[in-house]
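Chemist: What follows is a single structure, and I will ask about it in a moment.
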Amino acid sequence: MAVAFTREEDYEAQAADLPDRPLSSHPNLVTASGLAAIEAELAAARAAYAAAQTEGGVAADRTAMARATRDLRYWSARRASALLTEPEPQTGVVQFGRTVELEREDGRRQVFRIVGEDEADPPRGSISYVSPLAAALLAKQVGEVVEVNRSEIEIVAVR
């Protein structure tokens with residue numbers, strides 16, 4: 001019976017020893033909405049940390065405390081390194097923070113906004129500026145064709 005108790009403690013200790021969330025080596029460019037999202041995540045991490053402390057501390061739930069501490073470190077670092085970046089007032093040029101309408105070789109049209117890494121959500125129409133697609137599009141103009149993953153994509157509009 002003592003062995004089973006020791007094993008549970010070992011599993012909890014392993015779960016509580018969470019590795020840090022990886023930080024990107026790229027500049028942390030953010031849009032205004034991306035900065036607001038980082039600040040909201042940081043506030044949530046602070047609240048989770050405070051809750052983990054008041055709900056019995058480390059002895060009661062080491063995993064919750066470890067998760068809260070890890071998230072607090074990550075979002076604090078992301079907030080500290082955030083570079084609010086607004087697009088230049090140029091029209092027709094693909095830039096960080098702009099929305100781009102594309103036409104693929106098969107005739108499909110897609111619309112993406114180029115944003116920071118933490119706010120990217122391709123199914124919702126936003127891609128990270130470091131993604132291969134965004135990297136191929138940046139600084140191009142309406143009417144230009146770029147090649148991504150061995151297929152051609154035409155820039156139809158930039159908003």
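By order in the structure tokens, chains are A, B, ...; within a chain, residues start at 1; ligands start at 1, following the order shown.
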Could you pull out the strand (DSSP E) residues of region 30-124 of chain A from DSSP and send them as a compact mmCIF listing (two decimals) with N, CA, C and O atoms, in the first residue's frame?

Modeler:
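Contents of the output file result_17.txt:
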```txt
# COMPACT_ATOMS: atom_id res chain seq x y z
N VAL A 30 2.78 42.57 -32.61
CA VAL A 30 1.37 42.39 -32.26
C VAL A 30 0.54 43.52 -32.84
O VAL A 30 1.02 44.65 -32.99
N ALA A 82 6.29 42.41 -26.37
CA ALA A 82 5.33 42.80 -27.41
C ALA A 82 5.72 44.13 -28.06
O ALA A 82 6.06 45.09 -27.40
N LEU A 83 5.67 44.12 -29.40
CA LEU A 83 5.96 45.32 -30.20
C LEU A 83 4.70 45.67 -30.98
O LEU A 83 4.41 45.07 -32.02
N LEU A 84 3.95 46.65 -30.46
CA LEU A 84 2.73 47.07 -31.14
C LEU A 84 3.11 47.60 -32.52
O LEU A 84 3.93 48.51 -32.64
N THR A 99 -5.42 42.86 -44.04
CA THR A 99 -6.19 41.71 -44.51
C THR A 99 -5.95 41.56 -46.00
O THR A 99 -5.98 42.54 -46.75
N VAL A 100 -5.68 40.32 -46.42
CA VAL A 100 -5.32 40.04 -47.81
C VAL A 100 -6.32 39.04 -48.39
O VAL A 100 -6.60 38.02 -47.79
N GLU A 101 -6.83 39.36 -49.59
CA GLU A 101 -7.69 38.42 -50.31
C GLU A 101 -6.85 37.77 -51.40
O GLU A 101 -6.18 38.45 -52.17
N LEU A 102 -6.90 36.44 -51.43
CA LEU A 102 -6.08 35.66 -52.35
C LEU A 102 -6.96 34.83 -53.27
O LEU A 102 -8.06 34.43 -52.89
N GLU A 103 -6.43 34.55 -54.46
CA GLU A 103 -7.08 33.59 -55.35
C GLU A 103 -6.07 32.51 -55.68
O GLU A 103 -4.97 32.79 -56.17
N ARG A 104 -6.46 31.28 -55.40
CA ARG A 104 -5.59 30.13 -55.66
C ARG A 104 -5.75 29.66 -57.10
O ARG A 104 -6.67 30.06 -57.79
N ARG A 109 -11.06 31.43 -53.41
CA ARG A 109 -10.64 32.70 -52.82
C ARG A 109 -10.60 32.54 -51.30
O ARG A 109 -11.48 31.91 -50.72
N GLN A 110 -9.58 33.11 -50.71
CA GLN A 110 -9.42 33.08 -49.27
C GLN A 110 -9.04 34.47 -48.79
O GLN A 110 -8.40 35.23 -49.52
N VAL A 111 -9.42 34.75 -47.55
CA VAL A 111 -9.10 36.04 -46.94
C VAL A 111 -8.40 35.76 -45.62
O VAL A 111 -8.91 34.99 -44.79
N PHE A 112 -7.23 36.38 -45.44
CA PHE A 112 -6.47 36.22 -44.21
C PHE A 112 -5.98 37.57 -43.73
O PHE A 112 -5.60 38.42 -44.53
N ARG A 113 -5.94 37.73 -42.42
CA ARG A 113 -5.30 38.91 -41.82
C ARG A 113 -3.95 38.44 -41.28
O ARG A 113 -3.86 37.40 -40.64
N ILE A 114 -2.91 39.22 -41.55
CA ILE A 114 -1.56 38.86 -41.10
C ILE A 114 -1.34 39.50 -39.73
O ILE A 114 -1.41 40.73 -39.59
N VAL A 115 -1.09 38.64 -38.73
CA VAL A 115 -1.03 39.08 -37.34
C VAL A 115 0.18 38.47 -36.63
O VAL A 115 0.95 37.73 -37.23
```

Chemist: Need to verify the contact set: Gln141 (chain A), 6 Å, only C-alpha atoms, exclusion of same-chain residues closer than 3 positions in sequence. Can you return it as a list in words?

Modeler: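 Skipping anything fewer than 3 positions along the chain leaves Gly92, Val93 and Glu144 of chain A.
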
Chemist: Please, which residues of chain A, numbered as in this document, come out helix (DSSP H, G or I) from DSSP, as a PyMOL selection string?

Modeler: chain A and resi 2-16+32-54+57-60+62-81+122-124+132-137

Chemist: Generate a file of the selected residues that holds C-alpha atoms, formatted as a PDB file, in the first residue's frame.

Modeler:
```pdb
ATOM      1  CA  ALA A   2       2.850   2.391   0.724  1.00  0.00           C
ATOM      2  CA  VAL A   3       4.212   1.759  -2.779  1.00  0.00           C
ATOM      3  CA  ALA A   4       0.936   2.866  -4.381  1.00  0.00           C
ATOM      4  CA  PHE A   5       0.913   6.028  -2.279  1.00  0.00           C
ATOM      5  CA  THR A   6       4.489   6.800  -3.293  1.00  0.00           C
ATOM      6  CA  ARG A   7       3.674   6.279  -6.947  1.00  0.00           C
ATOM      7  CA  GLU A   8       0.754   8.708  -6.806  1.00  0.00           C
ATOM      8  CA  GLU A   9       3.047  11.299  -5.253  1.00  0.00           C
ATOM      9  CA  ASP A  10       5.643  10.620  -7.963  1.00  0.00           C
ATOM     10  CA  TYR A  11       3.067  11.097 -10.736  1.00  0.00           C
ATOM     11  CA  GLU A  12       1.866  14.320  -9.139  1.00  0.00           C
ATOM     12  CA  ALA A  13       5.437  15.570  -8.814  1.00  0.00           C
ATOM     13  CA  GLN A  14       6.087  14.783 -12.486  1.00  0.00           C
ATOM     14  CA  ALA A  15       2.877  16.519 -13.544  1.00  0.00           C
ATOM     15  CA  ALA A  16       3.776  19.529 -11.407  1.00  0.00           C
ATOM     16  CA  ALA A  32      -3.734  46.334 -31.121  1.00  0.00           C
ATOM     17  CA  SER A  33      -6.185  43.439 -30.743  1.00  0.00           C
ATOM     18  CA  GLY A  34      -3.276  41.033 -30.255  1.00  0.00           C
ATOM     19  CA  LEU A  35      -1.865  43.195 -27.467  1.00  0.00           C
ATOM     20  CA  ALA A  36      -5.286  43.271 -25.794  1.00  0.00           C
ATOM     21  CA  ALA A  37      -5.473  39.469 -26.049  1.00  0.00           C
ATOM     22  CA  ILE A  38      -2.022  39.087 -24.456  1.00  0.00           C
ATOM     23  CA  GLU A  39      -3.067  41.397 -21.630  1.00  0.00           C
ATOM     24  CA  ALA A  40      -6.259  39.370 -21.113  1.00  0.00           C
ATOM     25  CA  GLU A  41      -4.248  36.120 -21.023  1.00  0.00           C
ATOM     26  CA  LEU A  42      -1.816  37.682 -18.543  1.00  0.00           C
ATOM     27  CA  ALA A  43      -4.705  38.763 -16.305  1.00  0.00           C
ATOM     28  CA  ALA A  44      -6.186  35.254 -16.504  1.00  0.00           C
ATOM     29  CA  ALA A  45      -2.801  33.730 -15.620  1.00  0.00           C
ATOM     30  CA  ARG A  46      -2.482  36.054 -12.624  1.00  0.00           C
ATOM     31  CA  ALA A  47      -5.978  35.090 -11.490  1.00  0.00           C
ATOM     32  CA  ALA A  48      -5.224  31.373 -11.901  1.00  0.00           C
ATOM     33  CA  TYR A  49      -2.003  31.789  -9.921  1.00  0.00           C
ATOM     34  CA  ALA A  50      -3.815  33.627  -7.112  1.00  0.00           C
ATOM     35  CA  ALA A  51      -6.548  30.970  -7.092  1.00  0.00           C
ATOM     36  CA  ALA A  52      -3.988  28.165  -6.934  1.00  0.00           C
ATOM     37  CA  GLN A  53      -2.333  29.875  -3.954  1.00  0.00           C
ATOM     38  CA  THR A  54      -5.575  30.424  -2.032  1.00  0.00           C
ATOM     39  CA  GLY A  57      -1.181  26.116  -2.124  1.00  0.00           C
ATOM     40  CA  VAL A  58       1.353  23.695  -3.500  1.00  0.00           C
ATOM     41  CA  ALA A  59       0.510  20.847  -1.126  1.00  0.00           C
ATOM     42  CA  ALA A  60      -3.134  20.660  -2.268  1.00  0.00           C
ATOM     43  CA  ARG A  62       0.780  21.003  -7.359  1.00  0.00           C
ATOM     44  CA  THR A  63      -0.333  20.608 -10.958  1.00  0.00           C
ATOM     45  CA  ALA A  64      -2.638  23.646 -10.837  1.00  0.00           C
ATOM     46  CA  MET A  65       0.095  25.749  -9.259  1.00  0.00           C
ATOM     47  CA  ALA A  66       2.669  24.569 -11.820  1.00  0.00           C
ATOM     48  CA  ARG A  67       0.322  25.300 -14.725  1.00  0.00           C
ATOM     49  CA  ALA A  68      -0.542  28.741 -13.360  1.00  0.00           C
ATOM     50  CA  THR A  69       3.130  29.569 -12.741  1.00  0.00           C
ATOM     51  CA  ARG A  70       4.140  28.387 -16.219  1.00  0.00           C
ATOM     52  CA  ASP A  71       1.378  30.418 -17.906  1.00  0.00           C
ATOM     53  CA  LEU A  72       2.196  33.478 -15.822  1.00  0.00           C
ATOM     54  CA  ARG A  73       5.869  33.287 -16.899  1.00  0.00           C
ATOM     55  CA  TYR A  74       4.903  32.826 -20.565  1.00  0.00           C
ATOM     56  CA  TRP A  75       2.354  35.652 -20.778  1.00  0.00           C
ATOM     57  CA  SER A  76       4.580  38.005 -18.738  1.00  0.00           C
ATOM     58  CA  ALA A  77       7.425  37.397 -21.201  1.00  0.00           C
ATOM     59  CA  ARG A  78       5.118  37.847 -24.203  1.00  0.00           C
ATOM     60  CA  ARG A  79       3.750  41.128 -22.787  1.00  0.00           C
ATOM     61  CA  ALA A  80       7.244  42.404 -22.013  1.00  0.00           C
ATOM     62  CA  SER A  81       8.460  41.647 -25.544  1.00  0.00           C
ATOM     63  CA  PRO A 122      -6.101  30.212 -39.504  1.00  0.00           C
ATOM     64  CA  PRO A 123      -9.613  28.692 -39.259  1.00  0.00           C
ATOM     65  CA  ARG A 124     -10.820  32.146 -38.157  1.00  0.00           C
ATOM     66  CA  PRO A 132       5.287  30.532 -45.040  1.00  0.00           C
ATOM     67  CA  LEU A 133       2.177  32.020 -46.671  1.00  0.00           C
ATOM     68  CA  ALA A 134       2.487  35.385 -44.909  1.00  0.00           C
ATOM     69  CA  ALA A 135       6.243  35.513 -45.499  1.00  0.00           C
ATOM     70  CA  ALA A 136       5.649  35.007 -49.228  1.00  0.00           C
ATOM     71  CA  LEU A 137       2.977  37.728 -49.315  1.00  0.00           C
TER      72      LEU A 137
END
```

Chemist: What lies within 10 Å of Ser24 (chain A) using only C-alpha atoms, ignoring chain neighbours under 2 positions off, as a ChimeraX atom specification?

Modeler: /A:21-22,26-28,78,117-118
